$ cat protein27.txt   # compact mmCIF, C-alpha atoms and all ligand atoms
# COMPACT_ATOMS: atom_id res chain seq x y z
CA MET A 66 10.72 19.95 -7.31
CA SER A 67 14.15 18.60 -8.14
CA ASN A 68 15.97 15.53 -6.87
CA GLU A 69 18.61 17.56 -5.03
CA TYR A 70 16.50 18.11 -1.92
CA LYS A 71 16.08 15.68 0.91
CA GLN A 72 12.81 13.74 0.95
CA GLU A 73 11.25 15.74 3.81
CA THR A 74 11.81 18.95 1.87
CA SER A 75 10.50 17.81 -1.47
CA LEU A 76 7.44 16.23 0.20
CA VAL A 77 6.48 19.47 1.93
CA GLN A 78 7.08 21.44 -1.27
CA ILE A 79 4.88 19.28 -3.55
CA GLY A 80 3.08 21.61 -5.93
CA ASN A 81 4.82 24.81 -4.88
CA GLU A 82 6.45 26.67 -7.83
CA ARG A 83 4.22 24.76 -10.26
CA ASP A 84 1.47 27.31 -10.81
CA GLU A 85 3.05 29.62 -13.36
CA ILE A 86 -0.12 31.62 -13.94
CA ASN A 87 -0.95 32.80 -10.42
CA GLN A 88 1.97 31.51 -8.35
CA ALA A 89 -0.29 29.57 -5.98
CA VAL A 90 1.69 27.78 -3.27
CA SER A 91 -0.94 25.03 -2.88
CA THR A 92 -1.84 23.06 -6.00
CA PRO A 93 -5.02 24.41 -7.64
CA ILE A 94 -7.78 21.87 -8.32
CA TYR A 95 -8.50 21.83 -12.06
CA LEU A 96 -11.99 20.49 -12.59
CA SER A 97 -12.36 21.35 -16.27
CA THR A 98 -12.93 18.23 -18.33
CA ALA A 99 -11.85 19.90 -21.57
CA TYR A 100 -9.30 22.45 -22.83
CA ARG A 101 -9.80 24.90 -25.71
CA HIS A 102 -7.63 24.66 -28.79
CA GLN A 103 -6.59 27.60 -30.98
CA GLU A 104 -6.67 25.55 -34.15
CA ILE A 105 -6.59 22.01 -35.50
CA GLY A 106 -3.59 20.08 -34.28
CA GLN A 107 -2.73 22.61 -31.57
CA THR A 108 -2.84 22.00 -27.84
CA GLU A 109 -1.60 23.89 -24.78
CA GLY A 110 -0.67 20.55 -23.22
CA TYR A 111 -4.08 19.39 -22.03
CA ASP A 112 -7.03 18.10 -24.05
CA TYR A 113 -9.38 15.94 -22.03
CA ILE A 114 -9.46 15.16 -18.30
CA ARG A 115 -8.90 11.39 -18.54
CA SER A 116 -5.80 11.88 -20.72
CA GLY A 117 -4.24 14.55 -18.54
CA ASN A 118 -5.10 16.95 -15.73
CA PRO A 119 -2.85 19.63 -14.20
CA THR A 120 -3.66 18.65 -10.59
CA ARG A 121 -3.03 14.97 -11.32
CA ASP A 122 0.19 15.87 -13.13
CA VAL A 123 1.63 17.56 -10.04
CA LEU A 124 0.86 14.47 -8.00
CA GLU A 125 2.13 11.95 -10.56
CA ARG A 126 5.37 13.79 -11.30
CA HIS A 127 6.16 14.06 -7.65
CA VAL A 128 5.34 10.44 -6.85
CA ALA A 129 7.59 9.28 -9.70
CA LEU A 130 10.49 11.30 -8.24
CA LEU A 131 9.81 10.05 -4.74
CA GLU A 132 9.88 6.38 -5.81
CA LYS A 133 12.86 6.94 -8.18
CA GLY A 134 10.71 5.79 -11.09
CA ASP A 135 10.21 7.31 -14.53
CA GLN A 136 6.45 7.77 -14.48
CA ALA A 137 3.56 7.51 -12.03
CA PHE A 138 -0.14 6.90 -12.60
CA ALA A 139 -2.75 8.02 -10.08
CA CYS A 140 -5.68 5.60 -9.93
CA SER A 141 -9.10 5.62 -8.32
CA SER A 142 -8.09 3.00 -5.72
CA GLY A 143 -5.30 0.61 -4.84
CA MET A 144 -7.27 -2.19 -6.48
CA ALA A 145 -7.69 -0.08 -9.65
CA ALA A 146 -3.88 0.28 -9.64
CA ILE A 147 -3.48 -3.50 -9.43
CA GLN A 148 -6.09 -4.02 -12.14
CA LEU A 149 -4.21 -1.53 -14.34
CA ILE A 150 -0.96 -3.45 -13.90
CA PHE A 151 -2.55 -6.75 -14.88
CA ALA A 152 -4.21 -5.23 -17.94
CA LYS A 153 -0.86 -5.54 -19.70
CA PHE A 154 -0.68 -9.34 -19.62
CA LYS A 155 -1.91 -11.87 -22.15
CA VAL A 156 -4.43 -14.64 -21.53
CA GLY A 157 -2.77 -17.73 -20.03
CA SER A 158 0.02 -15.86 -18.22
CA ASN A 159 1.47 -17.21 -14.98
CA PHE A 160 2.45 -15.03 -12.01
CA ILE A 161 4.48 -15.77 -8.93
CA ILE A 162 2.88 -14.07 -5.93
CA SER A 163 4.04 -13.73 -2.33
CA ARG A 164 2.11 -16.16 -0.17
CA ASP A 165 0.78 -13.78 2.45
CA VAL A 166 -0.89 -11.17 0.29
CA TYR A 167 -3.62 -8.52 0.82
CA GLY A 168 -7.02 -10.28 0.80
CA GLY A 169 -8.44 -7.99 -1.90
CA SER A 170 -5.53 -8.82 -4.22
CA TYR A 171 -6.06 -12.53 -3.60
CA ARG A 172 -9.77 -12.14 -4.42
CA LEU A 173 -9.00 -10.30 -7.68
CA PHE A 174 -6.43 -12.91 -8.70
CA GLU A 175 -8.95 -15.70 -8.11
CA ASN A 176 -11.33 -13.84 -10.41
CA PHE A 177 -8.59 -13.39 -13.05
CA LYS A 178 -8.07 -17.16 -13.10
CA GLU A 179 -11.54 -17.73 -14.51
CA LYS A 180 -11.70 -14.66 -16.74
CA TYR A 181 -8.27 -14.60 -18.33
CA ASN A 182 -6.98 -18.08 -17.68
CA PHE A 183 -4.21 -16.54 -15.58
CA SER A 184 -2.47 -18.83 -13.11
CA PHE A 185 -0.94 -17.78 -9.80
CA THR A 186 1.83 -19.63 -8.03
CA TYR A 187 2.14 -18.64 -4.39
CA TRP A 188 5.64 -18.35 -2.99
CA ASP A 189 7.15 -18.01 0.45
CA GLU A 190 10.79 -17.54 1.31
CA LYS A 191 11.24 -21.19 2.25
CA THR A 192 10.79 -22.16 -1.41
CA ASP A 193 13.37 -21.63 -4.17
CA LEU A 194 11.88 -18.94 -6.37
CA THR A 195 13.57 -20.10 -9.58
CA SER A 196 12.05 -23.58 -9.24
CA LEU A 197 8.55 -22.07 -9.59
CA ILE A 198 9.17 -20.36 -12.93
CA THR A 199 7.50 -21.93 -15.96
CA ALA A 200 7.43 -21.06 -19.67
CA ASP A 201 4.21 -19.09 -19.01
CA THR A 202 5.59 -17.02 -16.11
CA VAL A 203 5.68 -13.32 -16.95
CA ALA A 204 5.98 -11.53 -13.61
CA ILE A 205 6.73 -11.75 -9.90
CA PHE A 206 4.33 -9.84 -7.65
CA ILE A 207 5.55 -9.24 -4.11
CA GLU A 208 4.09 -7.56 -1.08
CA THR A 209 6.66 -6.41 1.46
CA PRO A 210 6.27 -6.52 4.32
CA THR A 211 3.66 -9.21 3.87
CA ASN A 212 0.25 -8.50 5.31
CA PRO A 213 -0.71 -9.36 8.02
CA LEU A 214 2.29 -11.54 8.98
CA MET A 215 4.85 -8.77 8.36
CA ASN A 216 7.59 -10.81 6.68
CA VAL A 217 10.17 -8.59 5.06
CA VAL A 218 11.23 -9.86 1.66
CA ASN A 219 14.73 -9.42 0.19
CA LEU A 220 13.98 -7.34 -2.91
CA GLU A 221 17.52 -7.48 -4.38
CA SER A 222 17.59 -11.27 -4.53
CA ILE A 223 14.13 -11.44 -6.14
CA SER A 224 15.15 -8.78 -8.62
CA GLN A 225 18.15 -10.87 -9.67
CA VAL A 226 15.90 -13.87 -10.35
CA ALA A 227 13.43 -11.68 -12.23
CA LYS A 228 16.15 -10.14 -14.43
CA ALA A 229 17.84 -13.48 -15.13
CA ASN A 230 14.51 -14.92 -16.30
CA ASN A 231 13.15 -11.88 -18.11
CA LEU A 232 10.25 -11.41 -15.72
CA LEU A 233 8.68 -8.15 -14.61
CA PHE A 234 9.17 -7.48 -10.92
CA ILE A 235 6.16 -5.80 -9.27
CA VAL A 236 6.15 -4.66 -5.63
CA ASP A 237 3.14 -3.61 -3.55
CA SER A 238 4.92 -1.25 -1.16
CA THR A 239 1.84 0.14 0.62
CA LEU A 240 2.96 -0.71 4.16
CA PHE A 241 6.50 0.74 3.92
CA THR A 242 5.86 3.89 1.83
CA PRO A 243 8.60 5.58 -0.23
CA TYR A 244 9.67 7.45 2.89
CA PHE A 245 11.31 4.25 4.15
CA ILE A 246 11.73 1.90 1.18
CA ARG A 247 11.98 2.53 -2.58
CA PRO A 248 11.77 -0.84 -4.35
CA ILE A 249 12.87 0.54 -7.74
CA GLU A 250 16.29 1.21 -6.17
CA SER A 251 16.40 -2.54 -5.45
CA GLY A 252 15.53 -3.51 -9.02
CA ALA A 253 11.70 -3.46 -9.13
CA ASP A 254 10.11 -2.52 -12.47
CA ILE A 255 6.72 -1.51 -11.08
CA VAL A 256 5.69 -0.26 -7.63
CA ILE A 257 2.13 0.03 -6.43
CA HIS A 258 0.55 1.75 -3.47
CA SER A 259 -2.85 1.83 -1.97
CA ALA A 260 -2.54 5.57 -1.32
CA THR A 261 -5.69 5.15 0.78
CA LYS A 262 -3.27 4.12 3.52
CA TYR A 263 -0.12 5.99 4.61
CA LEU A 264 0.27 8.31 1.62
CA GLY A 265 -3.19 9.83 2.06
CA GLY A 266 -2.75 9.27 5.76
CA HIS A 267 -6.00 10.65 7.18
CA ASN A 268 -8.59 7.90 6.62
CA ASP A 269 -10.54 10.14 4.24
CA LEU A 270 -9.36 9.26 0.74
CA LEU A 271 -9.48 6.27 -1.65
CA ALA A 272 -6.57 6.28 -4.14
CA GLY A 273 -3.94 4.10 -5.77
CA LEU A 274 -0.60 4.66 -7.49
CA VAL A 275 1.43 2.79 -10.08
CA ILE A 276 5.06 3.81 -10.58
CA THR A 277 7.07 2.44 -13.50
CA LYS A 278 10.75 2.25 -14.37
CA GLY A 279 11.85 2.20 -18.00
CA GLU A 280 10.67 4.05 -21.08
CA SER A 281 8.69 1.37 -22.90
CA LEU A 282 6.97 0.14 -19.73
CA SER A 283 6.03 3.72 -18.82
CA GLU A 284 4.66 4.34 -22.30
CA GLU A 285 2.63 1.16 -22.20
CA TYR A 286 1.04 2.06 -18.86
CA ALA A 287 0.39 5.65 -19.96
CA PHE A 288 -1.57 4.17 -22.84
CA LEU A 289 -3.46 1.72 -20.61
CA HIS A 290 -4.18 4.29 -17.87
CA ASN A 291 -5.83 6.58 -20.40
CA SER A 292 -7.50 3.77 -22.35
CA ILE A 293 -9.00 2.06 -19.30
CA GLY A 294 -9.75 5.30 -17.48
CA SER A 295 -8.89 4.17 -13.94
CA THR A 296 -7.73 7.72 -13.21
CA LEU A 297 -7.93 9.61 -9.91
CA ALA A 298 -10.34 12.57 -9.74
CA PRO A 299 -8.87 16.10 -9.32
CA PHE A 300 -10.31 16.65 -5.81
CA ASP A 301 -8.75 13.41 -4.68
CA CYS A 302 -5.42 14.25 -6.34
CA TYR A 303 -5.41 17.45 -4.32
CA ASN A 304 -6.30 15.61 -1.12
CA LEU A 305 -3.49 13.11 -1.69
CA ILE A 306 -0.97 15.90 -2.34
CA ARG A 307 -2.09 17.53 0.88
CA GLY A 308 -1.69 14.29 2.83
CA MET A 309 1.75 13.55 1.40
CA LYS A 310 3.17 16.88 2.53
CA THR A 311 3.32 15.53 6.10
CA LEU A 312 4.36 11.97 5.17
CA ALA A 313 7.84 12.27 6.70
CA LEU A 314 6.60 13.59 10.04
CA ARG A 315 3.82 11.05 10.20
CA MET A 316 5.98 8.05 9.32
CA GLU A 317 8.59 8.95 11.96
CA LYS A 318 5.86 9.16 14.58
CA HIS A 319 4.06 5.98 13.38
CA LEU A 320 7.38 4.11 13.62
CA ASP A 321 8.29 5.50 17.02
CA ASN A 322 4.85 4.72 18.45
CA ALA A 323 4.93 1.23 16.90
CA ARG A 324 8.23 0.52 18.68
CA HIS A 325 6.68 1.50 22.01
CA VAL A 326 3.62 -0.66 21.34
CA VAL A 327 5.86 -3.62 20.38
CA ASP A 328 7.84 -3.26 23.64
CA TYR A 329 4.61 -3.25 25.59
CA LEU A 330 3.04 -6.21 23.74
CA GLN A 331 6.18 -8.29 24.25
CA SER A 332 5.76 -7.86 28.01
CA GLU A 333 2.04 -8.69 27.98
CA SER A 334 1.27 -12.19 29.27
CA GLU A 335 -1.88 -12.56 27.12
CA VAL A 336 0.22 -12.06 23.95
CA THR A 337 2.05 -15.08 22.56
CA LYS A 338 3.72 -13.59 19.50
CA VAL A 339 4.47 -10.13 18.07
CA TYR A 340 5.22 -9.45 14.38
CA PHE A 341 6.91 -6.14 13.57
CA PRO A 342 8.94 -5.51 10.41
CA GLY A 343 10.19 -1.99 11.31
CA ASN A 344 9.96 0.95 8.86
CA THR A 345 6.18 1.20 9.31
CA GLY A 346 3.53 1.64 11.97
CA MET A 347 2.10 -1.85 11.36
CA VAL A 348 2.26 -4.46 14.12
CA SER A 349 0.53 -7.83 14.31
CA PHE A 350 0.22 -10.01 17.38
CA GLU A 351 -1.34 -13.25 18.53
CA ILE A 352 -3.31 -13.60 21.71
CA LYS A 353 -3.48 -16.78 23.75
CA ASP A 354 -7.08 -17.69 23.11
CA ALA A 355 -9.10 -16.96 19.97
CA SER A 356 -12.34 -16.96 21.97
CA ASP A 357 -11.12 -13.82 23.78
CA VAL A 358 -10.91 -11.79 20.55
CA PRO A 359 -14.53 -10.46 20.54
CA ASP A 360 -14.38 -9.25 24.17
CA PHE A 361 -10.92 -7.80 23.70
CA LEU A 362 -12.01 -5.76 20.68
CA LYS A 363 -15.12 -4.53 22.50
CA SER A 364 -13.03 -3.37 25.46
CA LEU A 365 -10.84 -1.02 23.42
CA LYS A 366 -11.87 2.62 23.87
CA LEU A 367 -9.33 4.75 22.00
CA ILE A 368 -8.23 2.33 19.28
CA SER A 369 -10.89 1.90 16.59
CA PHE A 370 -11.87 -1.59 15.51
CA ALA A 371 -11.90 -0.73 11.82
CA GLU A 372 -10.73 -2.12 8.52
CA SER A 373 -7.97 0.00 7.12
CA LEU A 374 -4.48 1.16 8.00
CA GLY A 375 -2.00 3.99 7.67
CA GLY A 376 -4.13 6.85 8.97
CA VAL A 377 -3.32 9.17 11.88
CA GLU A 378 -5.85 7.36 14.09
CA SER A 379 -4.92 3.97 15.59
CA PHE A 380 -6.90 1.06 14.15
CA ILE A 381 -7.10 -2.59 15.03
CA THR A 382 -8.18 -5.21 12.50
CA TYR A 383 -9.13 -8.87 12.85
CA PRO A 384 -7.75 -10.11 9.51
CA ILE A 385 -9.61 -13.41 9.28
CA THR A 386 -13.02 -11.70 9.40
CA GLN A 387 -12.05 -8.47 7.64
CA THR A 388 -9.12 -7.82 5.28
CA HIS A 389 -8.38 -11.50 4.63
CA MET A 390 -11.90 -12.94 4.76
CA ASP A 391 -11.72 -14.12 1.15
CA ILE A 392 -8.75 -16.38 1.74
CA PRO A 393 -9.98 -19.93 2.39
CA GLU A 394 -9.39 -21.18 5.95
CA GLU A 395 -7.11 -24.07 5.00
CA VAL A 396 -4.99 -21.76 2.82
CA ARG A 397 -4.47 -19.10 5.49
CA ILE A 398 -3.82 -21.64 8.27
CA SER A 399 -1.20 -23.32 6.07
CA TYR A 400 0.92 -20.18 6.20
CA GLY A 401 0.22 -19.13 9.77
CA LEU A 402 -2.68 -16.68 9.51
CA THR A 403 -4.70 -17.89 12.49
CA ASP A 404 -7.86 -16.85 14.32
CA ARG A 405 -5.63 -15.56 17.16
CA LEU A 406 -3.98 -12.88 15.02
CA LEU A 407 -4.81 -9.20 15.31
CA ARG A 408 -3.26 -6.38 13.29
CA ILE A 409 -2.67 -2.86 14.58
CA SER A 410 -2.12 0.24 12.53
CA VAL A 411 -0.43 2.32 15.19
CA GLY A 412 -1.52 5.94 14.83
CA ILE A 413 0.20 9.16 15.82
CA GLU A 414 -1.58 9.73 19.14
CA HIS A 415 0.61 9.78 22.26
CA ALA A 416 2.12 6.29 22.65
CA ASP A 417 1.19 6.23 26.37
CA ASP A 418 -2.51 6.57 25.54
CA ILE A 419 -2.38 3.80 22.92
CA ILE A 420 -0.61 1.46 25.34
CA ALA A 421 -2.96 2.36 28.22
CA ASP A 422 -5.91 1.37 26.02
CA PHE A 423 -4.37 -2.06 25.37
CA GLU A 424 -3.48 -2.44 29.05
CA GLN A 425 -7.01 -1.82 30.26
CA ALA A 426 -8.47 -4.18 27.63
CA PHE A 427 -6.10 -7.00 28.59
CA LYS A 428 -6.77 -6.32 32.27
CA ARG A 429 -10.50 -6.77 31.68
CA LEU A 430 -9.83 -10.08 29.93
CA ARG A 431 -7.79 -11.33 32.86
CA GLU A 432 -10.37 -10.20 35.41
CA ARG A 433 -13.13 -11.89 33.47
CA VAL A 434 -11.17 -15.12 33.11
CA GLY A 435 -9.97 -15.06 36.73
C1 LIG B 501 -5.58 -1.61 0.99
C2 LIG B 501 -4.57 -2.33 0.20
C3 LIG B 501 -4.75 -2.56 -1.18
C4 LIG B 501 -6.01 -2.12 -1.90
O1 LIG B 501 -6.11 -0.73 -1.96
P1 LIG B 501 -7.50 0.09 -1.98
O2 LIG B 501 -7.02 1.51 -1.96
O3 LIG B 501 -8.28 -0.31 -0.77
O4 LIG B 501 -8.22 -0.27 -3.23
C5 LIG B 501 -3.75 -3.21 -1.86
N1 LIG B 501 -2.62 -3.64 -1.25
C6 LIG B 501 -2.42 -3.45 0.08
C7 LIG B 501 -1.16 -3.92 0.70
C8 LIG B 501 -3.39 -2.79 0.84
O5 LIG B 501 -3.18 -2.62 2.15
$ encode --input "protein27.txt" --output "structure tokens" --more "lines below"
Ligand SMILES: *Cc1c(COP(=O)(O)O)cnc(C)c1O
Amino acid sequence: MSNEYKQETSLVQIGNERDEINQAVSTPIYLSTAYRHQEIGQTEGYDYIRSGNPTRDVLERHVALLEKGDQAFACSSGMAAIQLIFAKFKVGSNFIISRDVYGGSYRLFENFKEKYNFSFTYWDEKTDLTSLITADTVAIFIETPTNPLMNVVNLESISQVAKANNLLFIVDSTLFTPYFIRPIESGADIVIHSATKYLGGHNDLLAGLVITKGESLSEEYAFLHNSIGSTLAPFDCYNLIRGMKTLALRMEKHLDNARHVVDYLQSESEVTKVYFPGNTGMVSFEIKDASDVPDFLKSLKLISFAESLGGVESFITYPITQTHMDIPEEVRISYGLTDRLLRISVGIEHADDIIADFEQAFKRLRERVG
């Protein structure tokens, strides 16, 4: 699919016009691990499943276009995508990381410290980024919006610092999706997604994506992706393609519903603070009293208390016991991640039903207290 179409159109059309043999409209799932050769040194384009697969190719080519990158790599999970990115760096490297980062990334980075003698300098927007750069710094790794505190980071200004200091600029863009934000357009070199979230969109798929800009970087990651083997299986590539076809519709509805939920939460007397970055269905909020959290979660009927985000069903997460459990208490409190914070992934149900579920849960809290 070419670049001349609008995003909604090219998303829906992923895979169509790609099957030259049978003209299938939906991408066929190629399970074959191997491809026959006519003679030594000849190939029809595919050799072995880890090195290349027609179903994965459709996905990767389309994702690269969508993110305005040069190449994309489909991985077995978001964490596998992050692991792939870090496989490029030498022992002793230093990285500047946004302070409020996905708990699983934090856990992996802690592990990297011991294994590879990597060091990680955590940054928030109150600190001058340039002042953190050392002779060992090789990359800046940013999550935007941050999770779960939903701070939106200015990608252009970080990109300028990265370019001026010869650092790679990596963005985990899982919560915004390429439908709303394309970090490569703002100067990022590498974008990652946990495609388990909005891109897959249906809470039934584990997948990750790496998108690169620039020929040598793309070549290097093509080599590493094949050498490490963190590739996504053909069934899952198909499932991700299928999910992405409705990305535009879903994201519009997630955003619209999130706005309604934010309006409601801001009027709710039990809620002391609401965090909403826009351009996503993610909303975090603080309730008055941390001791109410267990009862509040139990009272919800429609919204699932579950540990993921970005699917069609509404989820609520308690970050300090779930997604961010591995971040030490004093660290998370230092940047405002408290035991009163809850995170909602607003689904695409009717907004009235989502809000009514919150209303009845808060009402029960008040009745119990009163
Ligand atoms: C979920 C998530 C990841 C990890 O992805 P998996 O697909 O669960 O391995 C990384 N970054 C962010 C922002 C996430 O939300």
$ residues_near_ligand --input "protein27.txt" --ligand "ligand LIG 501 (chain B)" --cutoff "6 Å" --atoms "all atoms listed in the file" --output "MDAnalysis selection string"
chainID A and resid 142:144 167 239 259 261 271:273
$ residues_around --input "protein27.txt" --residues "Glu280 in chain A" --least-positions-apart "5" --cutoff "9 Å" --atoms "only C-alpha atoms" --output "list of chain:residue names"
A:Asp135, A:Gln136, A:Glu285
$ closest_residue --input "protein27.txt" --among "A:Tyr286, A:Phe160, A:Phe183, A:Phe380" --to "Ile409 in chain A" --atoms "only C-alpha atoms"
A:Phe380
$ atom_distance --input "protein27.txt" --atom1 "CA of Val396 in chain A" --atom2 "CA of Ile255 in chain A"
27.2 Å
$ closest_residue --input "protein27.txt" --among "A:Ala146, A:Ile205, A:Ala229, A:Val256" --to "Asn159 in chain A" --atoms "all atoms listed in the file"
A:Ile205
$ atom_distance --input "protein27.txt" --atom1 "CA of Glu372 in chain A" --atom2 "CA of His258 in chain A"
16.9 Å
$ residues_near_point --input "protein27.txt" --point "(17.5, -3.7, -13.6)" --cutoff "8 Å" --atoms "all atoms listed in the file" --output "PyMOL selection string"
chain A and resi 224+228+252-254
$ residues_near_point --input "protein27.txt" --point "(-5.0, -8.2, 8.6)" --cutoff "10 Å" --atoms "only C-alpha atoms" --output "JSON, numbers by chain"
{"A": [166, 167, 168, 211, 212, 213, 214, 215, 347, 348, 349, 372, 373, 374, 381, 382, 383, 384, 385, 386, 387, 388, 389, 390, 402, 406, 407, 408, 409, 410]}
$ write_last_selection --input "protein27.txt" --atoms "C-alpha atoms" --output "short mmCIF file (atom, residue, chain, number, x, y, z; two decimals), keeping the file's coordinate frame"
data_model
loop_
_atom_site.label_atom_id
_atom_site.label_comp_id
_atom_site.auth_asym_id
_atom_site.auth_seq_id
_atom_site.Cartn_x
_atom_site.Cartn_y
_atom_site.Cartn_z
CA VAL A 166 -0.89 -11.17 0.29
CA TYR A 167 -3.62 -8.52 0.82
CA GLY A 168 -7.02 -10.28 0.80
CA THR A 211 3.66 -9.21 3.87
CA ASN A 212 0.25 -8.50 5.31
CA PRO A 213 -0.71 -9.36 8.02
CA LEU A 214 2.29 -11.54 8.98
CA MET A 215 4.85 -8.77 8.36
CA MET A 347 2.10 -1.85 11.36
CA VAL A 348 2.26 -4.46 14.12
CA SER A 349 0.53 -7.83 14.31
CA GLU A 372 -10.73 -2.12 8.52
CA SER A 373 -7.97 0.00 7.12
CA LEU A 374 -4.48 1.16 8.00
CA ILE A 381 -7.10 -2.59 15.03
CA THR A 382 -8.18 -5.21 12.50
CA TYR A 383 -9.13 -8.87 12.85
CA PRO A 384 -7.75 -10.11 9.51
CA ILE A 385 -9.61 -13.41 9.28
CA THR A 386 -13.02 -11.70 9.40
CA GLN A 387 -12.05 -8.47 7.64
CA THR A 388 -9.12 -7.82 5.28
CA HIS A 389 -8.38 -11.50 4.63
CA MET A 390 -11.90 -12.94 4.76
CA LEU A 402 -2.68 -16.68 9.51
CA LEU A 406 -3.98 -12.88 15.02
CA LEU A 407 -4.81 -9.20 15.31
CA ARG A 408 -3.26 -6.38 13.29
CA ILE A 409 -2.67 -2.86 14.58
CA SER A 410 -2.12 0.24 12.53
#
$ atom_distance --input "protein27.txt" --atom1 "CA of Leu240 in chain A" --atom2 "CA of Leu194 in chain A"
22.9 Å
$ residues_around --input "protein27.txt" --residues "range 421-423 of chain A" --least-positions-apart "5" --cutoff "12 Å" --atoms "only C-alpha atoms" --output "VMD selection string"
chain A and resid 325 to 327 329 to 330 332 to 333 335 to 336 361 to 369 379 to 381 409 411 414 to 416 428 to 430
$ build_atoms --input "protein27.txt" --residues "range 226-237 of chain A" --atoms "N, CA and C atoms" --output "CSV table (one decimal), in the coordinates of the input"
chain,number,residue,atom,x,y,z
A,226,VAL,N,16.6,-12.7,-9.7
A,226,VAL,CA,15.9,-13.9,-10.4
A,226,VAL,C,15.0,-13.3,-11.5
A,227,ALA,N,14.3,-12.2,-11.2
A,227,ALA,CA,13.4,-11.7,-12.2
A,227,ALA,C,14.2,-11.3,-13.5
A,228,LYS,N,15.3,-10.6,-13.3
A,228,LYS,CA,16.2,-10.1,-14.4
A,228,LYS,C,16.7,-11.3,-15.2
A,229,ALA,N,17.2,-12.3,-14.5
A,229,ALA,CA,17.8,-13.5,-15.1
A,229,ALA,C,16.8,-14.2,-16.0
A,230,ASN,N,15.5,-14.1,-15.6
A,230,ASN,CA,14.5,-14.9,-16.3
A,230,ASN,C,13.6,-14.1,-17.1
A,231,ASN,N,14.0,-12.8,-17.3
A,231,ASN,CA,13.2,-11.9,-18.1
A,231,ASN,C,11.7,-11.7,-17.6
A,232,LEU,N,11.6,-11.6,-16.3
A,232,LEU,CA,10.2,-11.4,-15.7
A,232,LEU,C,10.1,-10.0,-15.2
A,233,LEU,N,8.9,-9.5,-15.2
A,233,LEU,CA,8.7,-8.2,-14.6
A,233,LEU,C,8.6,-8.3,-13.1
A,234,PHE,N,9.2,-7.4,-12.4
A,234,PHE,CA,9.2,-7.5,-10.9
A,234,PHE,C,8.3,-6.4,-10.4
A,235,ILE,N,7.2,-6.7,-9.7
A,235,ILE,CA,6.2,-5.8,-9.3
A,235,ILE,C,6.1,-5.8,-7.7
A,236,VAL,N,6.2,-4.7,-7.1
A,236,VAL,CA,6.2,-4.7,-5.6
A,236,VAL,C,5.0,-3.8,-5.1
A,237,ASP,N,4.2,-4.4,-4.3
A,237,ASP,CA,3.1,-3.6,-3.6
A,237,ASP,C,3.8,-3.1,-2.3
